[in-house]
>>> print(open('work38.cif').read())   # mmCIF, C-alpha atoms
data_upload
#
loop_
_atom_site.label_atom_id
_atom_site.label_comp_id
_atom_site.auth_asym_id
_atom_site.auth_seq_id
_atom_site.Cartn_x
_atom_site.Cartn_y
_atom_site.Cartn_z
CA MET A 1 0.00 0.00 0.00
CA GLU A 2 2.88 2.40 0.80
CA GLY A 3 4.35 1.93 -2.69
CA PHE A 4 0.92 2.43 -4.29
CA ILE A 5 0.39 5.71 -2.40
CA THR A 6 3.90 6.88 -3.27
CA ASP A 7 3.29 6.20 -6.95
CA TRP A 8 0.06 8.21 -6.91
CA LEU A 9 1.75 11.06 -5.04
CA SER A 10 4.54 10.97 -7.60
CA LEU A 11 2.03 11.02 -10.47
CA THR A 12 0.12 13.97 -9.02
CA LEU A 13 3.26 16.01 -8.33
CA ARG A 14 4.79 15.20 -11.71
CA TRP A 15 1.62 16.19 -13.55
CA PHE A 16 1.36 19.46 -11.63
CA HIS A 17 5.07 20.13 -12.14
CA VAL A 18 4.80 19.65 -15.90
CA VAL A 19 1.71 21.89 -16.13
CA VAL A 20 3.27 24.83 -14.28
CA ALA A 21 6.63 24.31 -16.02
CA ILE A 22 4.90 24.61 -19.41
CA ALA A 23 3.25 27.81 -18.21
CA TRP A 24 6.59 29.25 -17.04
CA ILE A 25 8.57 28.22 -20.12
CA GLY A 26 5.84 29.46 -22.43
CA GLU A 27 5.65 32.84 -20.74
CA SER A 28 9.44 33.13 -20.56
CA PHE A 29 9.96 32.19 -24.22
CA TYR A 30 7.24 34.59 -25.30
CA PHE A 31 8.80 37.58 -23.54
CA VAL A 32 12.27 36.73 -24.88
CA ALA A 33 10.79 36.54 -28.39
CA LEU A 34 8.90 39.80 -27.81
CA ASP A 35 11.94 41.64 -26.48
CA ASN A 36 14.06 40.56 -29.44
CA SER A 37 11.37 41.39 -32.02
CA LEU A 38 10.61 44.99 -30.98
CA LYS A 39 10.91 47.76 -33.53
CA PRO A 40 11.07 51.54 -32.86
CA PRO A 41 7.51 52.94 -32.79
CA ALA A 42 6.36 54.61 -36.00
CA ASP A 43 4.32 57.20 -34.09
CA PRO A 44 6.57 60.07 -32.79
CA ASN A 45 4.10 60.62 -29.94
CA GLN A 46 4.82 57.14 -28.66
CA ARG A 47 8.55 57.86 -28.62
CA HIS A 48 7.92 61.04 -26.64
CA ARG A 49 5.96 59.00 -24.08
CA GLY A 50 9.01 56.79 -23.53
CA VAL A 51 8.11 53.86 -25.75
CA SER A 52 11.38 52.32 -26.95
CA GLY A 53 9.90 49.53 -29.08
CA GLU A 54 6.67 47.92 -30.21
CA LEU A 55 5.44 44.80 -31.96
CA TRP A 56 2.16 44.20 -33.73
CA HIS A 57 0.65 40.70 -33.47
CA VAL A 58 -2.27 39.02 -35.16
CA HIS A 59 -3.44 35.97 -33.25
CA GLY A 60 -6.71 34.15 -32.72
CA GLY A 61 -8.63 36.55 -34.91
CA GLY A 62 -7.45 39.69 -33.11
CA PHE A 63 -4.72 42.33 -33.42
CA TYR A 64 -2.38 43.14 -30.54
CA ASN A 65 0.09 45.98 -30.11
CA MET A 66 2.81 45.22 -27.54
CA GLN A 67 4.90 48.17 -26.33
CA LYS A 68 8.02 48.41 -24.20
CA TYR A 69 9.03 51.53 -22.29
CA THR A 70 12.65 52.57 -21.86
CA LEU A 71 12.17 52.81 -18.09
CA ALA A 72 8.49 53.04 -17.16
CA PRO A 73 5.23 54.53 -18.49
CA PRO A 74 4.31 58.13 -17.58
CA GLU A 75 1.57 56.79 -15.30
CA MET A 76 1.49 53.50 -13.43
CA PRO A 77 -1.45 51.31 -14.57
CA LYS A 78 -3.84 50.04 -11.91
CA ASP A 79 -3.67 46.43 -13.12
CA LEU A 80 -0.04 45.28 -13.53
CA HIS A 81 0.83 41.67 -14.34
CA TRP A 82 3.84 40.17 -12.51
CA SER A 83 5.56 37.17 -14.12
CA LYS A 84 6.51 35.23 -11.00
CA TRP A 85 4.03 32.54 -9.89
CA PRO A 86 4.72 30.10 -12.75
CA SER A 87 8.39 30.20 -11.72
CA TYR A 88 7.70 29.72 -8.02
CA THR A 89 5.19 26.90 -8.49
CA THR A 90 7.51 25.13 -10.93
CA TRP A 91 10.34 25.15 -8.42
CA LEU A 92 8.17 24.20 -5.43
CA SER A 93 6.50 21.31 -7.26
CA GLY A 94 9.87 20.14 -8.60
CA ALA A 95 11.37 20.25 -5.11
CA ALA A 96 8.43 18.24 -3.75
CA LEU A 97 8.79 15.67 -6.54
CA PHE A 98 12.54 15.41 -5.95
CA THR A 99 11.90 14.85 -2.25
CA VAL A 100 9.32 12.09 -2.81
CA LEU A 101 11.27 10.24 -5.48
CA TYR A 102 14.90 10.73 -4.48
CA LEU A 103 15.30 12.01 -0.93
CA PHE A 104 12.82 9.47 0.46
CA ALA A 105 14.77 6.62 -1.17
CA PRO A 106 18.44 7.68 -1.22
CA ASN A 107 19.82 4.12 -1.23
CA THR A 108 17.90 3.35 -4.40
CA TYR A 109 18.15 6.59 -6.36
CA LEU A 110 20.94 8.81 -5.00
CA ILE A 111 23.69 6.37 -4.09
CA ASP A 112 25.82 4.20 -6.32
CA LYS A 113 28.57 2.63 -4.22
CA ASN A 114 30.59 2.03 -7.39
CA VAL A 115 30.73 5.82 -7.76
CA LEU A 116 31.14 6.85 -4.12
CA ASP A 117 30.45 4.81 -0.98
CA ILE A 118 28.39 7.21 1.13
CA GLY A 119 25.52 6.80 3.55
CA PRO A 120 21.93 7.96 2.96
CA VAL A 121 22.16 10.97 5.31
CA VAL A 122 25.33 12.20 3.62
CA ALA A 123 23.74 11.68 0.20
CA ILE A 124 20.62 13.67 1.11
CA PHE A 125 22.52 16.62 2.55
CA SER A 126 24.98 16.53 -0.36
CA ALA A 127 22.09 16.80 -2.82
CA LEU A 128 20.50 19.70 -0.93
CA GLY A 129 23.88 21.39 -0.53
CA PHE A 130 24.49 21.03 -4.26
CA LEU A 131 21.33 23.00 -5.04
CA ALA A 132 22.14 25.75 -2.51
CA ALA A 133 25.78 26.04 -3.59
CA GLY A 134 24.69 26.19 -7.22
CA TRP A 135 22.83 29.46 -6.65
CA ILE A 136 25.46 30.95 -4.30
CA VAL A 137 28.36 30.42 -6.72
CA TYR A 138 26.37 31.53 -9.77
CA ASP A 139 25.12 34.70 -8.05
CA ALA A 140 28.68 35.50 -6.91
CA LEU A 141 29.89 35.16 -10.52
CA CYS A 142 27.17 37.54 -11.72
CA ARG A 143 28.02 40.12 -9.06
CA LEU A 144 31.76 39.79 -9.63
CA LEU A 145 31.72 40.03 -13.43
CA GLY A 146 28.77 42.44 -13.67
CA SER A 147 28.09 43.69 -17.17
CA ARG A 148 30.95 41.80 -18.84
CA ASP A 149 28.47 39.43 -20.45
CA THR A 150 30.89 37.40 -22.61
CA LEU A 151 33.26 36.72 -19.72
CA LEU A 152 30.32 35.97 -17.43
CA GLY A 153 28.81 33.55 -19.94
CA LEU A 154 32.15 31.74 -20.23
CA GLY A 155 32.48 31.62 -16.44
CA VAL A 156 28.97 30.21 -15.99
CA GLY A 157 29.61 27.60 -18.70
CA ILE A 158 32.81 26.42 -17.00
CA TYR A 159 31.01 26.37 -13.65
CA VAL A 160 28.22 24.15 -15.04
CA LEU A 161 30.86 21.80 -16.50
CA ILE A 162 32.60 21.53 -13.11
CA ALA A 163 29.24 20.96 -11.39
CA ALA A 164 28.41 18.15 -13.85
CA TRP A 165 31.77 16.46 -13.22
CA LEU A 166 31.40 16.77 -9.46
CA ALA A 167 27.79 15.49 -9.38
CA CYS A 168 28.69 12.46 -11.50
CA HIS A 169 31.51 11.60 -9.06
CA ILE A 170 29.25 11.84 -5.98
CA PHE A 171 25.83 10.49 -6.96
CA SER A 172 24.53 7.71 -9.16
CA GLY A 173 24.53 8.76 -12.81
CA ARG A 174 20.76 9.00 -12.96
CA ALA A 175 20.62 11.20 -9.85
CA ALA A 176 23.60 13.28 -10.96
CA TYR A 177 21.88 14.34 -14.18
CA LEU A 178 18.71 15.27 -12.33
CA ILE A 179 20.61 17.17 -9.64
CA VAL A 180 22.55 19.23 -12.19
CA GLY A 181 19.25 20.03 -13.90
CA ALA A 182 17.67 20.88 -10.55
CA MET A 183 20.64 23.13 -9.76
CA LEU A 184 20.09 25.10 -12.97
CA ALA A 185 16.33 25.21 -12.33
CA THR A 186 17.01 26.52 -8.82
CA ILE A 187 19.23 29.25 -10.30
CA MET A 188 16.48 30.17 -12.75
CA SER A 189 13.79 30.48 -10.08
CA ALA A 190 16.16 32.23 -7.67
CA ASN A 191 16.92 34.77 -10.40
CA VAL A 192 13.22 35.58 -10.49
CA PHE A 193 12.79 35.61 -6.70
CA PHE A 194 15.96 37.41 -5.63
CA VAL A 195 16.82 39.67 -8.59
CA ILE A 196 14.14 40.16 -11.24
CA ILE A 197 11.02 40.67 -9.11
CA PRO A 198 12.74 42.77 -6.35
CA GLY A 199 14.25 45.00 -9.05
CA GLN A 200 10.86 45.45 -10.69
CA ARG A 201 9.29 46.29 -7.32
CA LYS A 202 11.88 49.00 -6.73
CA MET A 203 11.14 50.47 -10.15
CA VAL A 204 7.40 50.45 -9.44
CA ASP A 205 7.93 52.01 -5.98
CA ALA A 206 10.01 54.79 -7.53
CA MET A 207 7.24 55.47 -10.04
CA LEU A 208 4.60 55.64 -7.32
CA LYS A 209 6.72 58.16 -5.44
CA GLY A 210 7.09 60.29 -8.57
CA ASP A 211 10.81 59.47 -8.92
CA GLU A 212 12.62 58.25 -12.02
CA PRO A 213 13.42 54.50 -11.71
CA ASP A 214 17.08 53.47 -11.58
CA PRO A 215 17.85 51.71 -14.89
CA ILE A 216 20.30 49.33 -13.17
CA TYR A 217 17.41 47.16 -11.95
CA GLY A 218 16.14 46.72 -15.49
CA LYS A 219 19.64 45.83 -16.74
CA ARG A 220 20.19 43.26 -14.00
CA GLY A 221 16.78 41.73 -14.56
CA LYS A 222 17.36 41.50 -18.31
CA GLN A 223 20.74 39.81 -17.79
CA ARG A 224 19.32 37.16 -15.46
CA SER A 225 16.33 36.64 -17.77
CA VAL A 226 18.70 36.00 -20.69
CA HIS A 227 20.60 33.44 -18.60
CA ASN A 228 17.32 31.73 -17.76
CA THR A 229 16.39 31.31 -21.41
CA TYR A 230 19.68 29.53 -22.19
CA PHE A 231 19.30 27.26 -19.16
CA THR A 232 15.82 26.12 -20.17
CA LEU A 233 16.52 23.43 -22.77
CA PRO A 234 19.44 21.91 -20.80
CA VAL A 235 17.13 21.71 -17.78
CA VAL A 236 14.38 20.07 -19.83
CA PHE A 237 16.85 17.39 -21.00
CA ALA A 238 18.05 16.76 -17.44
CA MET A 239 14.46 16.27 -16.30
CA LEU A 240 13.87 13.70 -19.08
CA SER A 241 17.25 11.97 -18.83
CA ASN A 242 16.19 9.27 -16.35
CA HIS A 243 14.46 7.51 -19.28
CA TYR A 244 17.73 7.21 -21.24
CA ALA A 245 20.27 5.17 -19.31
CA MET A 246 22.74 5.09 -22.21
CA THR A 247 23.65 8.69 -21.31
CA TYR A 248 24.04 8.65 -17.53
CA THR A 249 25.65 5.18 -17.34
CA HIS A 250 28.51 6.09 -19.69
CA PRO A 251 31.99 6.10 -18.08
CA TYR A 252 32.25 9.80 -19.00
CA ASN A 253 28.63 10.61 -18.23
CA TRP A 254 29.49 14.13 -17.07
CA ALA A 255 30.94 14.93 -20.49
CA VAL A 256 27.93 13.40 -22.26
CA LEU A 257 25.69 15.63 -20.15
CA ALA A 258 27.78 18.69 -21.00
CA VAL A 259 27.63 17.92 -24.74
CA ILE A 260 23.84 17.50 -24.75
CA MET A 261 23.33 20.63 -22.64
CA LEU A 262 25.53 22.59 -25.05
CA ALA A 263 23.43 21.28 -27.95
CA GLY A 264 20.31 22.60 -26.17
CA ALA A 265 21.90 26.01 -25.61
CA LEU A 266 22.89 26.27 -29.29
CA ILE A 267 19.38 25.41 -30.43
CA ARG A 268 17.94 27.99 -28.04
CA GLN A 269 20.38 30.58 -29.41
CA PHE A 270 19.08 29.89 -32.91
CA PHE A 271 15.58 30.93 -31.88
CA VAL A 272 16.83 33.97 -29.97
CA MET A 273 18.74 35.20 -33.02
CA ARG A 274 15.82 34.36 -35.31
CA HIS A 275 13.61 36.70 -33.28
CA ARG A 276 16.19 39.41 -33.96
CA GLY A 277 15.84 38.81 -37.69
CA ARG A 278 19.01 36.73 -38.13
CA VAL A 279 18.60 33.11 -39.23
CA LEU A 280 21.86 31.33 -38.33
CA TRP A 281 21.46 27.74 -39.45
CA TYR A 282 24.87 26.69 -38.17
CA LEU A 283 23.51 26.92 -34.61
CA PRO A 284 20.86 24.15 -34.84
CA LEU A 285 23.10 22.17 -37.18
CA GLY A 286 25.84 22.40 -34.57
CA GLY A 287 23.38 21.20 -31.93
CA ILE A 288 22.31 18.27 -34.12
CA ALA A 289 25.96 17.40 -34.81
CA LEU A 290 26.65 17.34 -31.08
CA MET A 291 23.68 15.02 -30.51
CA PHE A 292 24.89 12.62 -33.21
CA GLY A 293 28.36 12.82 -31.70
CA ALA A 294 26.91 11.86 -28.33
CA LEU A 295 25.05 8.98 -30.01
CA GLY A 296 28.25 7.61 -31.52
CA TRP A 297 30.17 8.09 -28.29
CA THR A 298 27.62 6.19 -26.20
CA LEU A 299 27.16 3.20 -28.55
CA PRO A 300 27.37 0.03 -26.44
CA ARG A 301 30.50 -2.06 -26.73
CA PRO A 302 30.58 -5.88 -26.90
CA VAL A 303 30.41 -7.38 -23.42
CA VAL A 304 30.94 -11.15 -23.71
CA PRO A 305 34.35 -12.32 -25.07
CA GLN A 306 34.19 -14.46 -28.20
CA ALA A 307 35.89 -17.29 -26.32
CA ASP A 308 32.72 -17.76 -24.24
CA ALA A 309 30.48 -18.34 -27.24
CA ALA A 310 30.54 -22.14 -26.87
CA ASN A 311 29.42 -21.95 -23.24
CA ALA A 312 26.82 -19.27 -23.99
CA ALA A 313 24.74 -21.62 -26.16
CA ALA A 314 24.26 -24.01 -23.24
CA LEU A 315 22.53 -21.47 -20.97
CA THR A 316 18.74 -21.31 -20.65
CA ILE A 317 16.25 -19.20 -18.71
CA ALA A 318 16.48 -21.68 -15.85
CA ASP A 319 20.16 -20.72 -15.43
CA ILE A 320 19.49 -16.99 -15.03
CA GLN A 321 16.13 -17.15 -13.25
CA PRO A 322 17.73 -17.37 -9.76
CA ILE A 323 19.66 -14.18 -10.53
CA LEU A 324 16.49 -12.36 -11.54
CA ARG A 325 14.64 -13.55 -8.44
CA ALA A 326 17.42 -12.35 -6.15
CA ARG A 327 18.34 -9.09 -7.88
CA CYS A 328 15.38 -7.91 -9.97
CA ALA A 329 12.13 -9.28 -8.51
CA VAL A 330 12.00 -6.62 -5.76
CA CYS A 331 10.85 -4.24 -8.52
CA HIS A 332 10.05 -6.34 -11.59
CA SER A 333 7.41 -8.79 -10.37
CA THR A 334 3.67 -9.04 -9.86
CA HIS A 335 4.07 -8.04 -6.22
CA PRO A 336 7.22 -5.88 -5.97
CA THR A 337 8.50 -4.87 -2.54
CA MET A 338 10.38 -1.70 -3.54
CA MET A 339 7.81 -0.20 -5.90
CA GLY A 340 4.05 0.18 -6.02
CA ALA A 341 4.04 -1.60 -9.38
CA ALA A 342 6.61 -3.00 -11.77
CA PRO A 343 8.29 -0.10 -13.65
CA ALA A 344 7.16 0.06 -17.29
CA GLY A 345 5.18 -3.13 -16.67
CA VAL A 346 8.36 -5.24 -16.99
CA MET A 347 8.15 -8.45 -14.93
CA PHE A 348 10.39 -11.51 -14.66
CA ASP A 349 8.06 -13.92 -12.84
CA THR A 350 7.68 -16.46 -15.65
CA PRO A 351 9.92 -17.79 -18.44
CA ASP A 352 7.64 -16.15 -21.02
CA GLU A 353 7.99 -12.73 -19.33
CA ILE A 354 11.76 -13.14 -19.18
CA SER A 355 11.90 -14.11 -22.85
CA GLN A 356 9.70 -11.16 -23.90
CA ASN A 357 11.95 -8.70 -22.05
CA ALA A 358 15.27 -10.32 -22.93
CA GLN A 359 16.53 -7.41 -25.04
CA ARG A 360 15.65 -4.87 -22.36
CA LEU A 361 17.22 -7.01 -19.62
CA TYR A 362 20.45 -7.36 -21.58
CA GLN A 363 20.62 -3.67 -22.41
CA GLN A 364 19.87 -2.36 -18.91
CA ALA A 365 21.64 -4.93 -16.72
CA VAL A 366 24.62 -5.83 -18.92
CA GLN A 367 25.46 -3.21 -21.50
CA MET A 368 24.71 -0.11 -19.43
CA LYS A 369 24.64 -1.59 -15.91
CA SER A 370 21.87 0.86 -15.04
CA MET A 371 19.81 -1.84 -13.39
CA PRO A 372 19.27 -2.60 -10.57
CA LEU A 373 18.97 1.08 -9.65
CA GLY A 374 22.08 2.09 -7.72
CA ASN A 375 22.81 -1.66 -7.71
CA VAL A 376 20.82 -1.72 -4.47
CA THR A 377 20.43 -5.52 -4.69
CA HIS A 378 24.19 -6.00 -5.33
CA MET A 379 24.15 -7.76 -8.70
CA THR A 380 27.70 -8.97 -9.32
CA ASP A 381 29.75 -8.68 -12.52
CA GLY A 382 29.70 -12.49 -12.74
CA GLU A 383 25.90 -12.46 -12.72
CA ARG A 384 25.82 -9.79 -15.42
CA GLN A 385 28.22 -11.89 -17.52
CA LYS A 386 25.96 -14.90 -17.10
CA ILE A 387 22.95 -12.92 -18.36
CA ALA A 388 25.08 -11.70 -21.25
CA ALA A 389 26.17 -15.23 -22.11
CA TRP A 390 22.55 -16.41 -22.09
CA PHE A 391 21.34 -13.56 -24.31
CA GLU A 392 24.20 -13.69 -26.81
CA GLY A 393 23.84 -17.44 -26.95
CA GLY A 394 20.33 -17.02 -28.31
CA ALA A 395 18.29 -16.30 -25.18
CA ALA A 396 17.13 -19.91 -25.09
CA LYS A 397 14.12 -20.93 -23.04
#
>>> encode(input="work38.cif", output="structure tokens")
Amino acid sequence: MEGFITDWLSLTLRWFHVVVAIAWIGESFYFVALDNSLKPPADPNQRHRGVSGELWHVHGGGFYNMQKYTLAPPEMPKDLHWSKWPSYTTWLSGAALFTVLYLFAPNTYLIDKNVLDIGPVVAIFSALGFLAAGWIVYDALCRLLGSRDTLLGLGVGIYVLIAAWLACHIFSGRAAYLIVGAMLATIMSANVFFVIIPGQRKMVDAMLKGDEPDPIYGKRGKQRSVHNTYFTLPVVFAMLSNHYAMTYTHPYNWAVLAVIMLAGALIRQFFVMRHRGRVLWYLPLGGIALMFGALGWTLPRPVVPQADAANAAALTIADIQPILRARCAVCHSTHPTMMGAAPAGVMFDTPDEISQNAQRLYQQAVQMKSMPLGNVTHMTDGERQKIAAWFEGGAAK
């Protein structure tokens, strides 16, 4: 019953997290597109009122005229929309989901003793510390380098690379990818909470007092907003990565993560530049090339030596079934003890079920060694070799 309730809680939180994340990303992408598509207003009166750019839209059968002021409008409107709650709810729901799935089961999801032999308490506090340190270091870089955007961008890129390497040498590969993504997502939401919204409030307060707003708050907010837009696609990949073990189980998984995140940033840059009227095809092509490079780099290598081929043909399901009962049945059975239900519906209770899932078993347990999760049931290399010998010998029943 506990596993069943946990699965439903996970489903509810994940669904809510995806809904609010779509709302945040959609709003964020729209304003980035708007800001990069603005043209000087044709009406001189608009320029005199402080309008620095405008964009006409036609959408859903109506016409829209979006305007941006250099600092602020002559009069503060009574109804002012603040772009903050999608960010906050995305982070809060993501934190809740991370807690339910990872922090409540650190031995299964956070720890891989082949990476680093740590206890569950250390793993939990390391994960939380990683998220906090991510924001602290990033914010310090922004304050130190200020308006030197190129140098700052390079510094942030190197910092993310170091964070990826460090995470992949502390946590299981699956958890490391998610934690790096969560670190970037924390930075994004913290940018909104600590920099963008407070700066906007100070500008509004100055307007209400009849003072001219300090432009520094707008510049800082714009800089952090730009960073957020480049973080978005790398974060989206990190959130989806747990489905693709060939990436996070690679010996150089931190570099694979960096390559794919860079591909996402290049693709995002293509759209940013396109909104400015410049179509730079080498950006998405570069991203695609990086993805194909990652594909080639992560191709599985042969596992069973050719010398074992004669012995491999003699193995049947009966020879590997004890291994599956001892190492896999806690999750992949009709009545699992570690999960509410068998993940992806994969079960190894009967010879037919084992035969149907032979390819998946070989790929996950032998080629990538991503299963069992965190090797929590201590499957040995000899047992993996036996499964490999059975599969490459024809997966006989």
>>> atom_distance(input="work38.cif", atom1="CA of Ala389 (chain A)", atom2="CA of Ala294 (chain A)")
27.8 Å
>>> resolve_selection(input="work38.cif", expression="the PyMOL selection byres ((chain A and resi 347) around 7)", output="PyMOL selection string")
chain A and resi 332-334+342+345-346+348-349+353
>>> resolve_selection(input="work38.cif", expression="the PyMOL selection byres ((chain A and resi 177) around 8)", output="ChimeraX atom specification")
/A:164,167-168,173-176,178-181,238-239,241-242,248,257
>>> residues_around(input="work38.cif", residues="His17 (chain A)", least_positions_apart="5", cutoff="7 Å", atoms="all atoms listed in the file", output="PDB file with C-alpha atoms, keeping the file's coordinate frame")
ATOM      1  CA  THR A  90       7.510  25.130 -10.930  1.00  0.00           C
ATOM      2  CA  SER A  93       6.500  21.310  -7.260  1.00  0.00           C
ATOM      3  CA  GLY A  94       9.870  20.140  -8.600  1.00  0.00           C
TER       4      GLY A  94
END
>>> closest_residue(input="work38.cif", among="A:Met76, A:Leu151, A:Ile170, A:Met66", to="Pro41 (chain A)", atoms="only C-alpha atoms")
A:Met66
>>> residues_around(input="work38.cif", residues="Val366 (chain A)", least_positions_apart="6", cutoff="8 Å", atoms="all atoms listed in the file", output="ChimeraX atom specification")
/A:303,384-385,387-388
>>> resolve_selection(input="work38.cif", expression="the PyMOL selection byres ((chain A and resi 96-100) around 9)", output="VMD selection string")
chain A and resid 6 9 to 10 13 to 14 17 91 to 95 101 to 105 178 182
>>> residues_around(input="work38.cif", residues="Pro106 (chain A)", least_positions_apart="4", cutoff="7 Å", atoms="all atoms listed in the file", output="list in words")
Tyr102, Leu110, Ile111, Pro120, Ala123 and Ile124 of chain A
>>> write_last_selection(input="work38.cif", atoms="C-alpha atoms", output="mmCIF file, in the frame of the given file")
data_model
loop_
_atom_site.group_PDB
_atom_site.id
_atom_site.type_symbol
_atom_site.label_atom_id
_atom_site.label_comp_id
_atom_site.auth_asym_id
_atom_site.auth_seq_id
_atom_site.Cartn_x
_atom_site.Cartn_y
_atom_site.Cartn_z
ATOM 1 C CA TYR A 102 14.900 10.730 -4.480
ATOM 2 C CA LEU A 110 20.940 8.810 -5.000
ATOM 3 C CA ILE A 111 23.690 6.370 -4.090
ATOM 4 C CA PRO A 120 21.930 7.960 2.960
ATOM 5 C CA ALA A 123 23.740 11.680 0.200
ATOM 6 C CA ILE A 124 20.620 13.670 1.110
#
>>> closest_residue(input="work38.cif", among="A:Ala72, A:Ile320, A:Val279, A:Gln269", to="Asp214 (chain A)", atoms="only C-alpha atoms")
A:Ala72
>>> closest_residue(input="work38.cif", among="A:Pro73, A:Ala326, A:Ser52, A:Asn45", to="Leu208 (chain A)", atoms="only C-alpha atoms")
A:Pro73
>>> closest_residue(input="work38.cif", among="A:Gln356, A:Pro86, A:Leu71, A:Phe194", to="Ala206 (chain A)", atoms="all atoms listed in the file")
A:Leu71
>>> atom_distance(input="work38.cif", atom1="CA of Ile196 (chain A)", atom2="CA of Gly221 (chain A)")
4.5 Å
>>> atom_distance(input="work38.cif", atom1="CA of Phe271 (chain A)", atom2="CA of Gly153 (chain A)")
18.0 Å
>>> residues_near_point(input="work38.cif", point="(16.5, 26.8, -22.1)", cutoff="10 Å", atoms="only C-alpha atoms", output="JSON, numbers by chain")
{"A": [25, 28, 29, 184, 185, 188, 226, 227, 228, 229, 230, 231, 232, 233, 234, 235, 236, 237, 261, 264, 265, 266, 267, 268, 269]}
>>> write_last_selection(input="work38.cif", atoms="C-alpha atoms", output="PDB file, in the coordinates of the input")
ATOM      1  CA  ILE A  25       8.570  28.220 -20.120  1.00  0.00           C
ATOM      2  CA  SER A  28       9.440  33.130 -20.560  1.00  0.00           C
ATOM      3  CA  PHE A  29       9.960  32.190 -24.220  1.00  0.00           C
ATOM      4  CA  LEU A 184      20.090  25.100 -12.970  1.00  0.00           C
ATOM      5  CA  ALA A 185      16.330  25.210 -12.330  1.00  0.00           C
ATOM      6  CA  MET A 188      16.480  30.170 -12.750  1.00  0.00           C
ATOM      7  CA  VAL A 226      18.700  36.000 -20.690  1.00  0.00           C
ATOM      8  CA  HIS A 227      20.600  33.440 -18.600  1.00  0.00           C
ATOM      9  CA  ASN A 228      17.320  31.730 -17.760  1.00  0.00           C
ATOM     10  CA  THR A 229      16.390  31.310 -21.410  1.00  0.00           C
ATOM     11  CA  TYR A 230      19.680  29.530 -22.190  1.00  0.00           C
ATOM     12  CA  PHE A 231      19.300  27.260 -19.160  1.00  0.00           C
ATOM     13  CA  THR A 232      15.820  26.120 -20.170  1.00  0.00           C
ATOM     14  CA  LEU A 233      16.520  23.430 -22.770  1.00  0.00           C
ATOM     15  CA  PRO A 234      19.440  21.910 -20.800  1.00  0.00           C
ATOM     16  CA  VAL A 235      17.130  21.710 -17.780  1.00  0.00           C
ATOM     17  CA  VAL A 236      14.380  20.070 -19.830  1.00  0.00           C
ATOM     18  CA  PHE A 237      16.850  17.390 -21.000  1.00  0.00           C
ATOM     19  CA  MET A 261      23.330  20.630 -22.640  1.00  0.00           C
ATOM     20  CA  GLY A 264      20.310  22.600 -26.170  1.00  0.00           C
ATOM     21  CA  ALA A 265      21.900  26.010 -25.610  1.00  0.00           C
ATOM     22  CA  LEU A 266      22.890  26.270 -29.290  1.00  0.00           C
ATOM     23  CA  ILE A 267      19.380  25.410 -30.430  1.00  0.00           C
ATOM     24  CA  ARG A 268      17.940  27.990 -28.040  1.00  0.00           C
ATOM     25  CA  GLN A 269      20.380  30.580 -29.410  1.00  0.00           C
TER      26      GLN A 269
END
>>> closest_residue(input="work38.cif", among="A:Val156, A:Val256, A:Ala396, A:Ala132", to="Asp319 (chain A)", atoms="all atoms listed in the file")
A:Ala396
>>> residues_around(input="work38.cif", residues="Gly374 (chain A)", least_positions_apart="6", cutoff="7 Å", atoms="only C-alpha atoms", output="list of chain:residue names")
A:Thr108, A:Tyr109, A:Ile111, A:Asp112, A:Ser172
>>> closest_residue(input="work38.cif", among="A:Thr150, A:Thr89, A:Thr249, A:Asn107", to="Thr186 (chain A)", atoms="all atoms listed in the file")
A:Thr89
